[in-house]
Amino acid sequence: MATATFPSPTTPLQTEDQKSYAAHVNPVWVRLLDTLGMNLKYTHCQGTELYTRDGRTILDCLSGYCVHNVGHNHPHVVAELVAELQRQSPAMLQSNVVEEAGALARVLCAHAGGRVEKVFFCSSGSEGVETVIKYARAHTKRSGLVYAAGAFHGLTCGALSLMGSDFWRESFGPMLADTHEVPFGDLPKLERILAKRKTAAVILEPIQAEAGIVLPPENYLAEVQRLCRQYGTLFVLDEVQTGMGRTGTFLAGQRYGVEPDMIVMAKALSGGLVPCAAVLMTDEIYRSVFHSLKRAFIHTSTFSENSLAMRAGLATIEVLDSEDLTARGERLGNRLRDRLRSALAGYEMVKEVRGAGMLTGIEFQPPRSLAMRLSYEAFKAIHPGLFGQILVMRLFNDKNILTQICGNNFTVLKVAPPLTVSEAHLDQIAESIRSVVDTIHHSTAFWSDALALGRRAMSSR
Ligand SMILES: Cc1ncc(COP(=O)(O)O)c(C=O)c1O
């Protein structure tokens, strides 16, 4: 039977700069990492692997929340960025036509297909969502915005107004007015709101990531699109986590045969190296915002079309295409889910393994057997996310696997390695998760040690 290896809650800070981070950036984050034993010094990262100063090799199954689709520091993306720097290009003149932006917009629209033919570039997913809010209101001359329960759209005030979670919103209000939440998958409730003809846009993740890797019910997205068209509302997909090949198609919306009016992309578009985000939209929406010379820069952002970001985007899509990574992610993602399903069959706390492409969620449920149930309830009383966090910590410390629980659903473990992950790594991932789940089901020490750790952590708040 495996024994638990839990870190000391007071691992000392390792370097001078880590101490400065704790002093000047975010000491609470340092404390959390220390508590979980996850405060390592990384020397370099390549592909799916992260190398630490103390000689460990960690297998990345988080991909920076779906940033590293082409793997860490892909040589082609790195080479393109180095070449761009060496070229001494007019990087941020803000007074020229940025050719790289033209090239990236052309490639993005071609890959997206459907109705989109214009692109606004920015630097983060949240900034993309802010853009959607402004453009949707300008185009429809309506103010209403509809979002789904469990959604994660970013932490700027507009994006946060499209997320119902009290946790993310607390103390930051008031939020934007006229935003409305509907359950993901509930068409009648959505139609009741849209029928009032006051809604500018419905904004959805095609597959909800932070809500727990929630796939849309059959035909749901197509029906949302139909209702939006019927009532004069824009249909917007947030593909920040699901895009760039992550879910088996270039965009997850393509999997479901829909053609949104606007699409937000970010994260993996950067190649994991330079912030890069994009909002793809129809020409009509673009013209509602930029309809005269005096509005030529009515919505812009200093770093939006910087040539490094544009190069990173172009190079990343070149890698996706030349290495056929989207299809590979779909093929290997299905294989990973098959392996996980057979490895985890019979463990009472495992409810479901689900996902699409290389985005997988493992949902856990409360145990039925009395001994585990008492410990599980004690975990929950300390913090609702404690069970998942201990799972993450065990995978990291005992198995060298980096993953996380979903931000809006603590019962789901996210498994999202780069699309370049090898078959051997898939076996390692499935076996490591099985082994930790087995420990949870058979080791009383797991529960008692973890409870002690949880109590220590919470009492040091
Ligand atoms: C689906 C989705 N939309 C938007 C965002 C916000 O992106 P960013 O953190 O780049 O602002 C995120 C971030 O995790 C996300 O997962």
# chains A, B, ... in the order shown; residues from 1 in each chain; ligands from 1

call {"tool": "residues_near_ligand", "arguments": {"ligand": "ligand 1", "cutoff": "7 Å", "atoms": "only C-alpha atoms and all ligand atoms", "output": "JSON, numbers by chain"}}
result
{"A": [65, 124, 125, 126, 127, 129, 152, 153, 154, 155, 205, 209, 210, 238, 239, 240, 241, 266, 267]}

call {"tool": "write_last_selection", "arguments": {"atoms": "N, CA and C atoms", "output": "PDB file, in the first residue's frame"}}
result
ATOM      1  N   TYR A  65      -3.092  25.939 -18.551  1.00  0.00           N
ATOM      2  CA  TYR A  65      -4.523  26.103 -18.860  1.00  0.00           C
ATOM      3  C   TYR A  65      -4.733  26.249 -20.375  1.00  0.00           C
ATOM      4  N   SER A 124      -5.068  39.395 -24.405  1.00  0.00           N
ATOM      5  CA  SER A 124      -5.535  38.382 -23.448  1.00  0.00           C
ATOM      6  C   SER A 124      -6.975  37.995 -23.776  1.00  0.00           C
ATOM      7  N   GLY A 125      -7.376  36.855 -23.236  1.00  0.00           N
ATOM      8  CA  GLY A 125      -8.749  36.401 -23.444  1.00  0.00           C
ATOM      9  C   GLY A 125      -9.751  37.396 -22.878  1.00  0.00           C
ATOM     10  N   SER A 126      -9.462  37.915 -21.698  1.00  0.00           N
ATOM     11  CA  SER A 126     -10.387  38.873 -21.081  1.00  0.00           C
ATOM     12  C   SER A 126     -10.568  40.104 -21.970  1.00  0.00           C
ATOM     13  N   GLU A 127      -9.472  40.573 -22.539  1.00  0.00           N
ATOM     14  CA  GLU A 127      -9.550  41.752 -23.403  1.00  0.00           C
ATOM     15  C   GLU A 127     -10.398  41.432 -24.649  1.00  0.00           C
ATOM     16  N   VAL A 129     -12.908  39.337 -24.620  1.00  0.00           N
ATOM     17  CA  VAL A 129     -14.305  39.320 -24.170  1.00  0.00           C
ATOM     18  C   VAL A 129     -14.824  40.750 -24.010  1.00  0.00           C
ATOM     19  N   PHE A 152     -16.428  30.488 -17.502  1.00  0.00           N
ATOM     20  CA  PHE A 152     -15.265  31.302 -17.138  1.00  0.00           C
ATOM     21  C   PHE A 152     -14.895  32.117 -18.366  1.00  0.00           C
ATOM     22  N   HIS A 153     -14.979  33.456 -18.259  1.00  0.00           N
ATOM     23  CA  HIS A 153     -14.657  34.306 -19.414  1.00  0.00           C
ATOM     24  C   HIS A 153     -13.541  35.294 -19.117  1.00  0.00           C
ATOM     25  N   GLY A 154     -12.973  35.282 -17.901  1.00  0.00           N
ATOM     26  CA  GLY A 154     -11.884  36.204 -17.605  1.00  0.00           C
ATOM     27  C   GLY A 154     -12.213  37.085 -16.428  1.00  0.00           C
ATOM     28  N   LEU A 155     -11.213  37.825 -15.946  1.00  0.00           N
ATOM     29  CA  LEU A 155     -11.368  38.508 -14.669  1.00  0.00           C
ATOM     30  C   LEU A 155     -11.359  40.033 -14.757  1.00  0.00           C
ATOM     31  N   GLU A 205     -18.879  29.300 -23.942  1.00  0.00           N
ATOM     32  CA  GLU A 205     -17.769  28.418 -24.304  1.00  0.00           C
ATOM     33  C   GLU A 205     -18.420  27.201 -24.980  1.00  0.00           C
ATOM     34  N   ALA A 209     -14.851  24.715 -19.983  1.00  0.00           N
ATOM     35  CA  ALA A 209     -13.619  24.145 -19.418  1.00  0.00           C
ATOM     36  C   ALA A 209     -13.628  24.216 -17.889  1.00  0.00           C
ATOM     37  N   GLU A 210     -13.639  25.429 -17.346  1.00  0.00           N
ATOM     38  CA  GLU A 210     -13.526  25.555 -15.883  1.00  0.00           C
ATOM     39  C   GLU A 210     -14.771  25.052 -15.157  1.00  0.00           C
ATOM     40  N   ASP A 238     -16.632  31.752 -27.025  1.00  0.00           N
ATOM     41  CA  ASP A 238     -15.354  31.988 -26.346  1.00  0.00           C
ATOM     42  C   ASP A 238     -14.520  30.713 -26.521  1.00  0.00           C
ATOM     43  N   GLU A 239     -13.560  30.781 -27.435  1.00  0.00           N
ATOM     44  CA  GLU A 239     -12.716  29.617 -27.746  1.00  0.00           C
ATOM     45  C   GLU A 239     -11.316  29.799 -27.141  1.00  0.00           C
ATOM     46  N   VAL A 240     -11.261  30.580 -26.069  1.00  0.00           N
ATOM     47  CA  VAL A 240      -9.963  30.886 -25.462  1.00  0.00           C
ATOM     48  C   VAL A 240      -9.258  29.607 -25.009  1.00  0.00           C
ATOM     49  N   GLN A 241      -9.997  28.687 -24.416  1.00  0.00           N
ATOM     50  CA  GLN A 241      -9.364  27.431 -23.978  1.00  0.00           C
ATOM     51  C   GLN A 241      -9.546  26.315 -24.990  1.00  0.00           C
ATOM     52  N   ALA A 266      -7.353  33.094 -27.692  1.00  0.00           N
ATOM     53  CA  ALA A 266      -6.189  33.621 -26.941  1.00  0.00           C
ATOM     54  C   ALA A 266      -5.309  32.431 -26.582  1.00  0.00           C
ATOM     55  N   LYS A 267      -4.807  32.418 -25.384  1.00  0.00           N
ATOM     56  CA  LYS A 267      -4.002  31.313 -24.835  1.00  0.00           C
ATOM     57  C   LYS A 267      -3.061  30.672 -25.849  1.00  0.00           C
TER      58      LYS A 267
END

call {"tool": "residues_around", "arguments": {"residues": "Val415 of chain A", "least_positions_apart": "6", "cutoff": "7 Å", "atoms": "only C-alpha atoms", "output": "PyMOL selection string"}}
result
chain A and resi 61-62+359-361+403

call {"tool": "write_last_selection", "arguments": {"atoms": "C-alpha atoms", "output": "PDB file, in the first residue's frame"}}
result
ATOM      1  CA  CYS A  61      -0.835  17.845 -18.068  1.00  0.00           C
ATOM      2  CA  LEU A  62      -2.110  21.396 -17.568  1.00  0.00           C
ATOM      3  CA  LEU A 359      -9.025  18.117 -23.135  1.00  0.00           C
ATOM      4  CA  THR A 360     -10.172  15.574 -20.572  1.00  0.00           C
ATOM      5  CA  GLY A 361     -11.957  15.830 -17.255  1.00  0.00           C
ATOM      6  CA  THR A 403      -2.461  19.084 -13.462  1.00  0.00           C
TER       7      THR A 403
END

call {"tool": "atom_distance", "arguments": {"atom1": "atom CA of Ala309 of chain A", "atom2": "atom CA of Val421 of chain A"}}
result
24.6 Å

call {"tool": "residues_around", "arguments": {"residues": "Lys399 of chain A", "least_positions_apart": "4", "cutoff": "9 Å", "atoms": "only C-alpha atoms", "output": "list of chain:residue names"}}
result
A:Ile58, A:Leu59, A:Arg394, A:Leu395, A:Gln428, A:Ile429, A:Ser432, A:Ile433, A:Ser435, A:Val436

call {"tool": "closest_residue", "arguments": {"among": "A:His139, A:His180, A:Arg368, A:Arg226", "to": "Ala200 of chain A", "atoms": "only C-alpha atoms"}}
result
A:His139

call {"tool": "closest_residue", "arguments": {"among": "A:Thr179, A:Ser322, A:Asn39, A:Gln365", "to": "Ser161 of chain A", "atoms": "only C-alpha atoms"}}
result
A:Thr179

call {"tool": "closest_residue", "arguments": {"among": "A:Glu100, A:Asp449, A:Glu323, A:Glu330", "to": "Ser375 of chain A", "atoms": "only C-alpha atoms"}}
result
A:Asp449

call {"tool": "closest_residue", "arguments": {"among": "A:Arg287, A:Glu305, A:Ala278, A:Asp427", "to": "Leu340 of chain A", "atoms": "only C-alpha atoms"}}
result
A:Asp427

call {"tool": "closest_residue", "arguments": {"among": "A:Ala343, A:Cys66, A:Ile193, A:Ala110", "to": "Gly357 of chain A", "atoms": "only C-alpha atoms"}}
result
A:Cys66

call {"tool": "residues_around", "arguments": {"residues": "Leu108 of chain A", "least_positions_apart": "5", "cutoff": "10 Å", "atoms": "only C-alpha atoms", "output": "ChimeraX atom specification"}}
result
/A:102-103,113,116-119,244,250,265,269,278-280,313-314,317

call {"tool": "select_by_dssp", "arguments": {"residues": "segment 220-283 of chain A", "states": "strand (DSSP E or B)", "output": "ChimeraX atom specification"}}
result
/A:234-238,262-265,277-281

call {"tool": "write_last_selection", "arguments": {"atoms": "C-alpha atoms", "output": "compact mmCIF listing (two decimals), in the first residue's frame"}}
result
# COMPACT_ATOMS: atom_id res chain seq x y z
CA LEU A 234 -25.28 37.84 -31.91
CA PHE A 235 -23.97 34.34 -31.27
CA VAL A 236 -20.48 34.46 -29.75
CA LEU A 237 -18.16 31.60 -28.87
CA ASP A 238 -15.35 31.99 -26.35
CA MET A 262 -17.81 36.45 -33.16
CA ILE A 263 -15.11 34.13 -31.83
CA VAL A 264 -12.62 34.92 -29.06
CA MET A 265 -9.23 33.24 -29.24
CA ALA A 277 -5.38 37.13 -28.55
CA ALA A 278 -7.87 37.71 -31.35
CA VAL A 279 -11.55 38.40 -31.86
CA LEU A 280 -12.83 37.09 -35.18
CA MET A 281 -16.05 38.64 -36.47

call {"tool": "atom_distance", "arguments": {"atom1": "atom CA of Ala177 of chain A", "atom2": "atom CA of Ser143 of chain A"}}
result
8.4 Å

call {"tool": "closest_residue", "arguments": {"among": "A:Cys228, A:Ala315, A:Leu50, A:Leu32", "to": "Gly64 of chain A", "atoms": "only C-alpha atoms"}}
result
A:Leu50

call {"tool": "decode", "arguments": {"residues": "segment 46-71 of chain A", "atoms": "N, CA and C atoms", "output": "tab-separated table (two decimals), in the first residue's frame"}}
result
chain	number	residue	atom	x	y	z
A	46	GLN	N	10.50	21.85	-22.17
A	46	GLN	CA	10.57	21.49	-23.58
A	46	GLN	C	9.48	20.48	-23.89
A	47	GLY	N	8.70	20.76	-24.91
A	47	GLY	CA	7.63	19.83	-25.29
A	47	GLY	C	6.65	19.66	-24.16
A	48	THR	N	6.56	18.43	-23.65
A	48	THR	CA	5.61	18.12	-22.58
A	48	THR	C	6.29	18.12	-21.22
A	49	GLU	N	7.61	18.34	-21.20
A	49	GLU	CA	8.35	18.13	-19.96
A	49	GLU	C	8.90	19.42	-19.35
A	50	LEU	N	8.83	19.46	-18.02
A	50	LEU	CA	9.33	20.59	-17.25
A	50	LEU	C	10.46	20.07	-16.37
A	51	TYR	N	11.62	20.72	-16.45
A	51	TYR	CA	12.79	20.23	-15.72
A	51	TYR	C	13.08	21.13	-14.52
A	52	THR	N	13.35	20.52	-13.37
A	52	THR	CA	13.55	21.31	-12.15
A	52	THR	C	15.02	21.29	-11.73
A	53	ARG	N	15.36	22.27	-10.89
A	53	ARG	CA	16.74	22.40	-10.43
A	53	ARG	C	17.19	21.17	-9.63
A	54	ASP	N	16.22	20.57	-8.92
A	54	ASP	CA	16.62	19.41	-8.12
A	54	ASP	C	16.51	18.10	-8.91
A	55	GLY	N	16.49	18.19	-10.23
A	55	GLY	CA	16.64	17.00	-11.06
A	55	GLY	C	15.35	16.26	-11.40
A	56	ARG	N	14.22	16.84	-11.05
A	56	ARG	CA	12.96	16.17	-11.41
A	56	ARG	C	12.54	16.53	-12.83
A	57	THR	N	11.81	15.62	-13.46
A	57	THR	CA	11.17	15.92	-14.74
A	57	THR	C	9.67	15.78	-14.53
A	58	ILE	N	8.98	16.89	-14.70
A	58	ILE	CA	7.53	16.91	-14.47
A	58	ILE	C	6.84	16.82	-15.83
A	59	LEU	N	5.82	15.99	-15.88
A	59	LEU	CA	5.03	15.87	-17.12
A	59	LEU	C	3.87	16.86	-17.05
A	60	ASP	N	3.83	17.77	-18.01
A	60	ASP	CA	2.84	18.85	-17.96
A	60	ASP	C	1.49	18.39	-18.51
A	61	CYS	N	0.52	18.23	-17.64
A	61	CYS	CA	-0.83	17.85	-18.07
A	61	CYS	C	-1.80	19.00	-17.85
A	62	LEU	N	-1.27	20.20	-17.75
A	62	LEU	CA	-2.11	21.40	-17.57
A	62	LEU	C	-1.94	22.34	-18.76
A	63	SER	N	-0.73	22.34	-19.31
A	63	SER	CA	-0.40	23.20	-20.46
A	63	SER	C	-0.70	24.67	-20.17
A	64	GLY	N	-0.43	25.10	-18.93
A	64	GLY	CA	-0.71	26.50	-18.59
A	64	GLY	C	-2.17	26.85	-18.86
A	65	TYR	N	-3.09	25.94	-18.55
A	65	TYR	CA	-4.52	26.10	-18.86
A	65	TYR	C	-4.73	26.25	-20.38
A	66	CYS	N	-4.15	25.30	-21.10
A	66	CYS	CA	-4.36	25.21	-22.56
A	66	CYS	C	-3.65	26.32	-23.34
A	67	VAL	N	-2.48	26.70	-22.86
A	67	VAL	CA	-1.64	27.64	-23.60
A	67	VAL	C	-0.66	26.88	-24.51
A	68	HIS	N	-0.11	25.78	-23.97
A	68	HIS	CA	1.02	25.12	-24.65
A	68	HIS	C	0.57	24.00	-25.57
A	69	ASN	N	-0.35	24.30	-26.49
A	69	ASN	CA	-0.84	23.24	-27.38
A	69	ASN	C	0.27	22.64	-28.23
A	70	VAL	N	1.23	23.47	-28.67
A	70	VAL	CA	2.32	22.94	-29.51
A	70	VAL	C	3.52	22.51	-28.66
A	71	GLY	N	3.33	22.46	-27.37
A	71	GLY	CA	4.42	22.08	-26.47
A	71	GLY	C	5.24	23.30	-26.06
